[in-house]
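Undergrad: This is the content of coords-v3.tsv (TSV, C-alpha atoms):
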```
chain	number	residue	atom	x	y	z
A	1	MET	CA	4.62	24.95	24.70
A	2	ASP	CA	4.70	21.67	26.61
A	3	ASN	CA	8.36	20.69	27.19
A	4	GLU	CA	7.98	17.16	25.85
A	5	LYS	CA	6.09	18.33	22.76
A	6	GLN	CA	8.82	20.88	22.05
A	7	HIS	CA	11.41	18.15	22.50
A	8	ILE	CA	9.57	15.95	19.96
A	9	HIS	CA	9.61	18.85	17.50
A	10	HIS	CA	13.39	19.10	17.92
A	11	ILE	CA	13.70	15.36	17.34
A	12	MET	CA	11.68	15.62	14.10
A	13	LEU	CA	13.91	18.46	12.92
A	14	TYR	CA	16.98	16.39	13.83
A	15	GLU	CA	15.65	13.45	11.77
A	16	PHE	CA	14.88	15.81	8.88
A	17	ARG	CA	18.40	17.28	8.90
A	18	LYS	CA	19.86	13.75	8.93
A	19	GLY	CA	18.11	13.23	5.59
A	20	LYS	CA	15.74	10.59	6.91
A	21	THR	CA	12.52	9.85	5.06
A	22	VAL	CA	9.20	10.41	6.79
A	23	GLY	CA	8.67	6.68	7.22
A	24	ALA	CA	12.14	6.05	8.64
A	25	ALA	CA	11.88	9.03	10.99
A	26	THR	CA	8.49	7.86	12.27
A	27	LYS	CA	9.91	4.42	13.00
A	28	ASP	CA	12.97	5.82	14.79
A	29	ILE	CA	10.90	8.10	17.01
A	30	ARG	CA	8.42	5.33	17.84
A	31	LYS	CA	11.23	3.05	18.97
A	32	VAL	CA	12.13	5.54	21.72
A	33	TYR	CA	8.86	7.28	22.61
A	34	LEU	CA	6.43	4.41	21.99
A	35	ASP	CA	2.81	5.57	22.43
A	36	ARG	CA	3.94	9.15	23.05
A	37	ALA	CA	5.50	9.38	19.58
A	38	PRO	CA	3.85	11.49	16.87
A	39	GLY	CA	1.80	9.72	14.21
A	40	LEU	CA	2.83	9.35	10.60
A	41	ARG	CA	0.61	12.20	9.43
A	42	THR	CA	2.07	14.53	12.05
A	43	VAL	CA	5.63	13.76	10.96
A	44	THR	CA	4.60	14.20	7.32
A	45	LYS	CA	3.15	17.64	8.11
A	46	TRP	CA	6.28	18.80	9.98
A	47	PHE	CA	8.62	17.51	7.26
A	48	ALA	CA	6.57	19.43	4.66
A	49	LYS	CA	6.98	22.53	6.83
A	50	PHE	CA	10.75	22.02	7.05
A	51	ARG	CA	10.99	21.48	3.29
A	52	SER	CA	9.24	24.80	2.74
A	53	GLY	CA	12.04	26.49	4.71
A	54	ASP	CA	10.03	27.06	7.91
A	55	PHE	CA	12.01	25.78	10.91
A	56	ASN	CA	9.90	27.44	13.61
A	57	LEU	CA	9.26	24.67	16.16
A	58	GLU	CA	6.33	26.39	17.84
A	59	ASP	CA	2.85	25.00	17.15
A	60	GLN	CA	0.88	27.33	14.89
A	61	PRO	CA	-2.45	28.52	16.28
A	62	ARG	CA	-5.41	26.62	14.86
A	63	SER	CA	-7.87	29.49	14.90
A	64	GLY	CA	-7.85	32.75	13.03
A	65	ARG	CA	-6.06	33.43	9.75
A	66	PRO	CA	-2.81	35.12	8.74
A	67	SER	CA	-3.02	38.67	7.47
A	68	GLU	CA	-1.46	37.65	4.16
A	69	LEU	CA	-0.19	34.58	2.37
A	70	ASP	CA	3.37	34.26	1.20
A	71	ASP	CA	3.23	33.29	-2.49
A	72	ASP	CA	6.69	31.72	-2.26
A	73	VAL	CA	5.51	29.37	0.50
A	74	VAL	CA	2.47	28.38	-1.57
A	75	ARG	CA	4.69	27.73	-4.59
A	76	THR	CA	7.09	25.67	-2.46
A	77	LEU	CA	4.26	23.45	-1.27
A	78	VAL	CA	3.21	22.75	-4.85
A	79	VAL	CA	6.78	22.29	-6.13
A	80	ASN	CA	7.50	19.80	-3.34
A	81	ASN	CA	4.29	17.91	-4.13
A	82	SER	CA	2.47	18.58	-7.40
A	83	ARG	CA	-0.30	16.23	-6.24
A	84	ILE	CA	-1.05	18.23	-3.11
A	85	SER	CA	-4.78	18.86	-2.63
A	86	THR	CA	-6.41	22.21	-1.96
A	87	GLU	CA	-7.39	20.91	1.48
A	88	GLU	CA	-3.76	20.06	2.27
A	89	VAL	CA	-2.57	23.51	1.15
A	90	ALA	CA	-5.25	25.12	3.32
A	91	SER	CA	-4.20	23.00	6.30
A	92	GLU	CA	-0.53	23.84	5.86
A	93	LEU	CA	-1.29	27.59	5.62
A	94	ASN	CA	-4.01	27.62	8.28
A	95	VAL	CA	-6.57	29.19	5.95
A	96	HIS	CA	-9.94	28.24	4.53
A	97	LYS	CA	-10.00	25.91	1.51
A	98	SER	CA	-11.53	28.62	-0.70
A	99	THR	CA	-8.72	31.03	0.24
A	100	ALA	CA	-6.07	28.46	-0.68
A	101	PHE	CA	-7.85	27.73	-3.97
A	102	ARG	CA	-8.03	31.40	-4.95
A	103	ARG	CA	-4.34	31.94	-4.13
A	104	LEU	CA	-3.29	28.92	-6.19
A	105	LYS	CA	-5.28	30.26	-9.14
A	106	LYS	CA	-3.83	33.75	-8.66
A	107	ILE	CA	-0.22	32.58	-8.85
A	108	GLY	CA	-0.91	30.63	-12.03
A	109	TYR	CA	-1.81	27.09	-10.99
A	110	THR	CA	-4.66	25.18	-12.64
A	111	LEU	CA	-6.28	22.13	-11.13
A	112	LYS	CA	-6.40	19.20	-13.55
A	113	LEU	CA	-8.21	15.99	-12.81
A	114	ASP	CA	-5.86	13.00	-12.90
A	115	THR	CA	-6.71	9.34	-13.04
A	116	TRP	CA	-4.56	7.45	-10.55
A	117	VAL	CA	-2.86	4.33	-11.81
A	118	PRO	CA	-0.47	2.06	-9.92
A	119	HIS	CA	2.74	3.76	-11.09
A	120	GLN	CA	1.40	7.25	-10.22
A	121	LEU	CA	0.86	7.14	-6.47
A	122	SER	CA	-0.70	10.20	-4.87
A	123	GLU	CA	0.67	11.49	-1.58
A	124	LYS	CA	-2.39	10.00	0.13
A	125	ASN	CA	-1.63	6.64	-1.50
A	126	LYS	CA	1.93	6.84	-0.19
A	127	VAL	CA	0.83	7.80	3.32
A	128	ASP	CA	-1.71	4.94	3.32
A	129	ARG	CA	1.03	2.52	2.25
A	130	MET	CA	3.42	3.79	4.94
A	131	THR	CA	0.72	3.72	7.62
A	132	THR	CA	-0.23	0.13	6.79
A	133	ALA	CA	3.38	-1.04	6.60
A	134	ILE	CA	4.37	0.56	9.91
A	135	SER	CA	1.24	-0.74	11.62
A	136	LEU	CA	1.90	-4.32	10.47
A	137	LEU	CA	5.57	-4.10	11.46
A	138	GLU	CA	4.60	-2.93	14.95
A	139	ARG	CA	2.04	-5.72	15.25
A	140	ILE	CA	4.37	-8.49	14.14
A	141	LYS	CA	6.87	-7.55	16.87
A	142	ASN	CA	4.30	-8.46	19.52
A	143	GLU	CA	2.32	-11.08	17.64
A	144	PRO	CA	4.05	-13.30	15.06
A	145	PHE	CA	1.01	-13.74	12.82
A	146	LEU	CA	2.43	-14.95	9.51
A	147	ASP	CA	1.59	-18.57	10.37
A	148	ARG	CA	-2.09	-17.53	10.45
A	149	LEU	CA	-1.95	-15.93	7.04
A	150	VAL	CA	-4.15	-17.17	4.21
A	151	THR	CA	-4.06	-15.29	0.94
A	152	GLY	CA	-5.69	-15.49	-2.46
A	153	ASP	CA	-6.20	-13.70	-5.75
A	154	GLU	CA	-7.29	-14.32	-9.32
A	155	LYS	CA	-5.13	-14.84	-12.40
A	156	TRP	CA	-6.05	-15.33	-16.02
A	157	ILE	CA	-4.40	-18.25	-17.83
A	158	LEU	CA	-4.49	-18.06	-21.61
A	159	TYR	CA	-4.46	-21.06	-23.89
A	160	ASN	CA	-1.73	-19.44	-25.95
A	161	ASN	CA	0.75	-17.89	-23.51
A	162	VAL	CA	2.78	-15.61	-25.73
A	163	GLN	CA	5.64	-14.15	-23.72
A	164	ARG	CA	5.00	-10.43	-23.36
A	165	LYS	CA	7.90	-7.99	-23.54
A	166	ARG	CA	8.28	-4.70	-21.72
A	167	THR	CA	7.68	-1.63	-23.88
A	168	TRP	CA	8.56	1.95	-23.03
A	169	LYS	CA	5.90	4.54	-23.86
A	170	GLN	CA	5.39	8.25	-23.47
A	171	ALA	CA	3.24	9.25	-20.50
A	172	HIS	CA	0.30	10.16	-22.78
A	173	GLU	CA	0.29	6.77	-24.50
A	174	GLY	CA	-1.87	3.99	-23.20
A	175	ALA	CA	-0.79	0.39	-22.73
A	176	GLU	CA	-1.44	-2.10	-25.48
A	177	PRO	CA	-4.81	-3.81	-25.00
A	178	VAL	CA	-4.81	-7.35	-23.61
A	179	ALA	CA	-7.76	-9.67	-24.05
A	180	LYS	CA	-9.43	-10.75	-20.81
A	181	GLY	CA	-12.04	-13.34	-19.98
A	182	GLU	CA	-15.04	-13.32	-17.69
A	183	THR	CA	-14.72	-11.06	-14.66
A	184	ILE	CA	-14.95	-12.58	-11.17
A	185	THR	CA	-18.06	-11.28	-9.38
A	186	ALA	CA	-18.62	-10.88	-5.65
A	187	ASP	CA	-21.04	-13.84	-5.65
A	188	LYS	CA	-18.49	-16.07	-7.38
A	189	TYR	CA	-15.79	-14.91	-5.00
A	190	CYS	CA	-17.98	-15.72	-1.99
A	191	GLN	CA	-18.49	-19.25	-3.34
A	192	GLN	CA	-14.73	-19.62	-3.60
A	193	LEU	CA	-14.30	-18.44	0.00
A	194	VAL	CA	-16.76	-21.06	1.23
A	195	GLU	CA	-14.87	-23.77	-0.65
A	196	LEU	CA	-11.57	-22.47	0.74
A	197	LYS	CA	-12.95	-22.54	4.28
A	198	LYS	CA	-13.88	-26.22	3.89
A	199	VAL	CA	-10.36	-27.07	2.70
A	200	ILE	CA	-8.76	-25.18	5.61
A	201	GLU	CA	-11.01	-26.96	8.12
A	202	GLU	CA	-9.93	-30.28	6.62
A	203	LYS	CA	-6.21	-29.66	6.16
A	204	ARG	CA	-5.42	-27.05	8.84
A	205	PRO	CA	-7.89	-27.65	11.68
A	206	ILE	CA	-5.70	-25.90	14.28
A	207	LEU	CA	-5.72	-22.72	12.22
A	208	SER	CA	-9.45	-22.97	11.64
A	209	ASN	CA	-10.47	-23.81	15.21
A	210	ARG	CA	-7.88	-22.28	17.54
A	211	LYS	CA	-5.58	-19.69	15.98
A	212	GLY	CA	-8.06	-18.16	13.56
A	213	VAL	CA	-7.52	-17.21	9.92
A	214	LEU	CA	-5.89	-13.90	9.04
A	215	PHE	CA	-7.02	-13.36	5.46
A	216	HIS	CA	-5.12	-11.20	3.00
A	217	HIS	CA	-6.34	-10.05	-0.39
A	218	ASP	CA	-6.10	-6.86	-2.41
A	219	ASN	CA	-8.73	-4.17	-3.01
A	220	ALA	CA	-10.24	-5.53	-6.22
A	221	ARG	CA	-13.98	-4.84	-6.42
A	222	PRO	CA	-15.17	-8.40	-5.66
A	223	HIS	CA	-12.89	-8.42	-2.59
A	224	VAL	CA	-14.32	-5.27	-1.02
A	225	ALA	CA	-17.96	-5.66	-2.10
A	226	LYS	CA	-20.61	-5.77	0.65
A	227	PRO	CA	-21.50	-9.46	0.08
A	228	THR	CA	-17.82	-10.40	0.41
A	229	LEU	CA	-17.32	-8.41	3.60
A	230	ALA	CA	-20.50	-9.94	5.04
A	231	LYS	CA	-19.31	-13.45	4.12
A	232	LEU	CA	-15.88	-12.92	5.73
A	233	LYS	CA	-17.56	-11.62	8.88
A	234	GLU	CA	-19.86	-14.65	8.92
A	235	MET	CA	-16.81	-16.91	8.60
A	236	ASN	CA	-15.14	-15.02	11.46
A	237	TRP	CA	-11.99	-14.39	9.43
A	238	GLU	CA	-9.87	-11.38	10.29
A	239	ILE	CA	-8.93	-9.26	7.26
A	240	MET	CA	-5.34	-8.05	7.10
A	241	PRO	CA	-5.22	-4.41	5.94
A	242	HIS	CA	-4.01	-3.79	2.41
A	243	PRO	CA	-3.56	-0.27	0.98
A	244	PRO	CA	-4.90	0.59	-2.49
A	245	TYR	CA	-2.62	0.34	-5.54
A	246	SER	CA	-0.19	-2.00	-3.79
A	247	PRO	CA	0.49	-5.12	-5.87
A	248	ASP	CA	4.09	-5.01	-4.62
A	249	ILE	CA	2.90	-6.18	-1.17
A	250	ALA	CA	0.25	-8.58	-2.45
A	251	LEU	CA	1.80	-12.01	-1.95
A	252	SER	CA	0.14	-13.61	-4.97
A	253	ASP	CA	1.27	-10.80	-7.28
A	254	TYR	CA	4.91	-10.40	-6.30
A	255	HIS	CA	5.68	-14.08	-5.64
A	256	LEU	CA	3.27	-16.81	-6.70
A	257	PHE	CA	1.84	-15.39	-9.93
A	258	ARG	CA	5.22	-14.14	-11.09
A	259	SER	CA	6.65	-17.63	-10.80
A	260	LEU	CA	3.56	-19.15	-12.41
A	261	GLN	CA	3.69	-16.77	-15.37
A	262	ASN	CA	7.37	-17.53	-15.92
A	263	ASN	CA	6.41	-21.19	-15.97
A	264	LEU	CA	3.59	-20.60	-18.46
A	265	ASN	CA	5.50	-18.39	-20.90
A	266	GLY	CA	5.72	-19.92	-24.34
A	267	LYS	CA	3.32	-22.78	-23.55
A	268	LYS	CA	0.14	-23.60	-25.48
A	269	ILE	CA	-2.76	-25.14	-23.59
A	270	LYS	CA	-5.60	-26.92	-25.36
A	271	ASN	CA	-8.46	-26.87	-22.87
A	272	VAL	CA	-9.57	-26.42	-19.25
A	273	GLU	CA	-8.41	-29.91	-18.34
A	274	ASP	CA	-4.91	-29.00	-19.54
A	275	VAL	CA	-5.02	-25.91	-17.35
A	276	LYS	CA	-5.93	-27.97	-14.27
A	277	ASN	CA	-3.22	-30.53	-14.97
A	278	HIS	CA	-0.61	-27.81	-15.52
A	279	LEU	CA	-1.54	-26.08	-12.25
A	280	ASP	CA	-1.47	-29.35	-10.31
A	281	THR	CA	2.01	-30.08	-11.63
A	282	PHE	CA	3.21	-26.53	-10.93
A	283	PHE	CA	2.02	-26.51	-7.31
A	284	ASN	CA	3.16	-30.06	-6.56
A	285	GLU	CA	6.67	-29.40	-7.85
A	286	LYS	CA	7.15	-26.36	-5.62
A	287	PRO	CA	8.96	-27.15	-2.35
A	288	ARG	CA	7.45	-26.01	0.93
A	289	ASN	CA	10.09	-23.32	1.38
A	290	PHE	CA	8.95	-21.66	-1.87
A	291	TYR	CA	5.72	-20.63	-0.18
A	292	GLU	CA	7.38	-19.86	3.16
A	293	SER	CA	9.98	-17.59	1.56
A	294	GLY	CA	7.28	-15.66	-0.28
A	295	ILE	CA	5.37	-15.03	2.94
A	296	ARG	CA	8.52	-14.03	4.85
A	297	LYS	CA	9.33	-11.46	2.17
A	298	LEU	CA	6.28	-9.50	3.29
A	299	VAL	CA	8.19	-8.19	6.31
A	300	GLU	CA	11.12	-7.01	4.15
A	301	ARG	CA	8.68	-5.28	1.81
A	302	TRP	CA	6.82	-3.51	4.60
A	303	GLU	CA	10.16	-2.29	5.95
A	304	TRP	CA	11.20	-0.99	2.52
A	305	ILE	CA	7.95	0.93	2.06
A	306	ALA	CA	8.14	2.39	5.58
A	307	GLU	CA	11.69	3.59	4.97
A	308	HIS	CA	11.06	4.99	1.48
A	309	ASP	CA	8.00	7.16	2.11
A	310	GLY	CA	5.52	4.74	0.57
A	311	LYS	CA	7.17	4.48	-2.84
A	312	TYR	CA	6.85	1.40	-5.02
A	313	ILE	CA	9.23	-1.51	-4.69
A	314	ILE	CA	10.91	-1.92	-8.07
A	315	ASP	CA	11.95	-5.49	-8.69
```
As structure tokens, what does this structure read like?

TA:
Amino acid sequence: MDNEKQHIHHIMLYEFRKGKTVGAATKDIRKVYLDRAPGLRTVTKWFAKFRSGDFNLEDQPRSGRPSELDDDVVRTLVVNNSRISTEEVASELNVHKSTAFRRLKKIGYTLKLDTWVPHQLSEKNKVDRMTTAISLLERIKNEPFLDRLVTGDEKWILYNNVQRKRTWKQAHEGAEPVAKGETITADKYCQQLVELKKVIEEKRPILSNRKGVLFHHDNARPHVAKPTLAKLKEMNWEIMPHPPYSPDIALSDYHLFRSLQNNLNGKKIKNVEDVKNHLDTFFNEKPRNFYESGIRKLVERWEWIAEHDGKYIID
């Protein structure tokens, strides 16, 4: 084995024994080894190997197949991660996907189709969140880009804003239904982007003409539809990456809309004109540092996600 690669394997084991998370270990190693450091997926794979009780630091051959599978190792992989896919089991054991599937069935596991919702992140979701967070943290060290950031999202405002209370439910119970209005389409969203571009050109010409807009929005359907992507490309706006199921790092969700909803709770609004007047008052009363502090919190949130293996920020 290459000496440096073997050394990196020792470093990963050292980080594992220190109790570091995958995200924190990846960051620590990158600080020292820079572009020679292993990627997030590589560290994830080695940590999974260590958790299964295998501390052999030699690379496993990529061709061929083992003479037999250890059922205890297969069980350990599933116990450590009940969301692990058949492909991931096959990769860990260096066998074909069909072989991994048959062994899982043989030792009593049944594959059930789950519907992912925000509070049930898959391992892929977590890795995507860590990868995005670490990438943005690395970028901001070399390029302070928050002053280029423009963000947006949609929020429903009801005429009768009854304050909703948290309710605890069993996992099999669904949430109580909430009435919603007309859904924003891609065409409507594109119209809003054009209007936003005009306002930015008028009020922030330096950003529009010299620095360039870095646009951040979540993965709602209108935001990732082909017409929207084409419009953003036409406008020459760079899109900041945002992982799926991540409202906790969507600026509008965790900062602006939370404050707005607190302001709306208990209020009754008569018509659209009332809505506009209320929003004008809300935005005008907010000091400049309200918006700045919300944007700066992004960095803290990326760091938290990177250090906690992609888990949700609970606040």

Undergrad: So how far away is atom CA of Trp46 of chain A from atom CA of Asp248 of chain A, in Å?

TA: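 Distance reported for this atom pair: 28.0 Å.
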
Undergrad: What's the separation between atom CA of His255 of chain A and atom CA of Asp153 of chain A, in Å to one decimal place?

TA: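 Computed distance, atom CA of His255 of chain A to atom CA of Asp153 of chain A, equals 11.9 Å.
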
Undergrad: Lys155 of chain A: which residues within 10 Å, counting only C-alpha atoms, same-chain residues fewer than 2 positions away excluded, as a list in words?

TA: Gly152, Asp153, Ile157, Leu158, Ser252, Asp253, Phe257, Leu260 and Gln261 of chain A

Undergrad: Grab the atom CA of Pro144 of chain A to atom CA of Pro241 of chain A distance for me, in Å with one decimal place.

TA: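 So the answer is 15.8 Å.
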
Undergrad: Quick one: of A:Lys211, A:Tyr291, A:Tyr245, A:Leu146, who's nearest to Lys311 of chain A, counting only C-alpha atoms?

TA: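 Of the candidates, the smallest distance to Lys311 of chain A is held by A:Tyr245.
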
Undergrad: Any idea what's packed within 10 Å of Val127 of chain A, counting only C-alpha atoms, ignoring anything in its chain fewer than 4 positions away? Could you give it as an MDAnalysis selection string?

TA: chainID A and resid 22:23 40:41 44 121:123 131:133 243 305:306 309:311

Undergrad: May I have the residues within 12 Å of Ile184 of chain A as a ChimeraX atom specification, using only C-alpha atoms and disregarding those fewer than 5 positions away in the same chain?

TA: /A:153-156,189-192,220-223,225

Undergrad: Using only C-alpha atoms, pick whichever of A:Lys268, A:Lys188, A:Arg258, A:Lys198 has the shortest atom-to-atom distance to Met235 of chain A.

TA: A:Lys198

Undergrad: Using all atoms listed in the file and a cutoff of 12 Å, can you tell me which residues are near (7.2, -9.7, 3.2) in the file's coordinates, and write them out as an mmCIF file with C-alpha atoms, in the frame of the given file?

TA:
```cif
data_model
loop_
_atom_site.group_PDB
_atom_site.id
_atom_site.type_symbol
_atom_site.label_atom_id
_atom_site.label_comp_id
_atom_site.auth_asym_id
_atom_site.auth_seq_id
_atom_site.Cartn_x
_atom_site.Cartn_y
_atom_site.Cartn_z
ATOM 1 C CA ALA A 133 3.380 -1.040 6.600
ATOM 2 C CA LEU A 136 1.900 -4.320 10.470
ATOM 3 C CA LEU A 137 5.570 -4.100 11.460
ATOM 4 C CA ILE A 140 4.370 -8.490 14.140
ATOM 5 C CA LEU A 146 2.430 -14.950 9.510
ATOM 6 C CA LEU A 149 -1.950 -15.930 7.040
ATOM 7 C CA ASP A 248 4.090 -5.010 -4.620
ATOM 8 C CA ILE A 249 2.900 -6.180 -1.170
ATOM 9 C CA ALA A 250 0.250 -8.580 -2.450
ATOM 10 C CA LEU A 251 1.800 -12.010 -1.950
ATOM 11 C CA SER A 252 0.140 -13.610 -4.970
ATOM 12 C CA TYR A 254 4.910 -10.400 -6.300
ATOM 13 C CA HIS A 255 5.680 -14.080 -5.640
ATOM 14 C CA TYR A 291 5.720 -20.630 -0.180
ATOM 15 C CA GLU A 292 7.380 -19.860 3.160
ATOM 16 C CA SER A 293 9.980 -17.590 1.560
ATOM 17 C CA GLY A 294 7.280 -15.660 -0.280
ATOM 18 C CA ILE A 295 5.370 -15.030 2.940
ATOM 19 C CA ARG A 296 8.520 -14.030 4.850
ATOM 20 C CA LYS A 297 9.330 -11.460 2.170
ATOM 21 C CA LEU A 298 6.280 -9.500 3.290
ATOM 22 C CA VAL A 299 8.190 -8.190 6.310
ATOM 23 C CA GLU A 300 11.120 -7.010 4.150
ATOM 24 C CA ARG A 301 8.680 -5.280 1.810
ATOM 25 C CA TRP A 302 6.820 -3.510 4.600
ATOM 26 C CA GLU A 303 10.160 -2.290 5.950
ATOM 27 C CA TRP A 304 11.200 -0.990 2.520
ATOM 28 C CA ILE A 305 7.950 0.930 2.060
ATOM 29 C CA ILE A 313 9.230 -1.510 -4.690
#
```

Undergrad: Rank nothing, just name the residue among A:Ala186, A:Ala230, A:Val32, A:Val224 nearest to His242 of chain A, using only C-alpha atoms.

TA: A:Val224

Undergrad: Excluding same-chain residues fewer than 6 positions from Ala90 of chain A, what lies within 8 Å of it counting only C-alpha atoms, as a PyMOL selection string?

TA: chain A and resi 96-97+99-100

Undergrad: Can you work out which one of A:Asn262, A:Arg103, A:Gly39, A:Val150 has the shortest atom-to-atom distance to Glu238 of chain A, counting all atoms listed in the file?

TA: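 Distance minimum relative to Glu238 of chain A lands on A:Val150.
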
Undergrad: Report the centre and edge lengths, in Å to one decimal, of an axis-aligned box enclosing every atom of segment 24-42 of chain A listed in the file, padded by 3 Å on each side, as JSON.

TA:
```
{"center_x": 6.8, "center_y": 8.8, "center_z": 15.8, "size_x": 18.4, "size_y": 17.5, "size_z": 20.4}
```
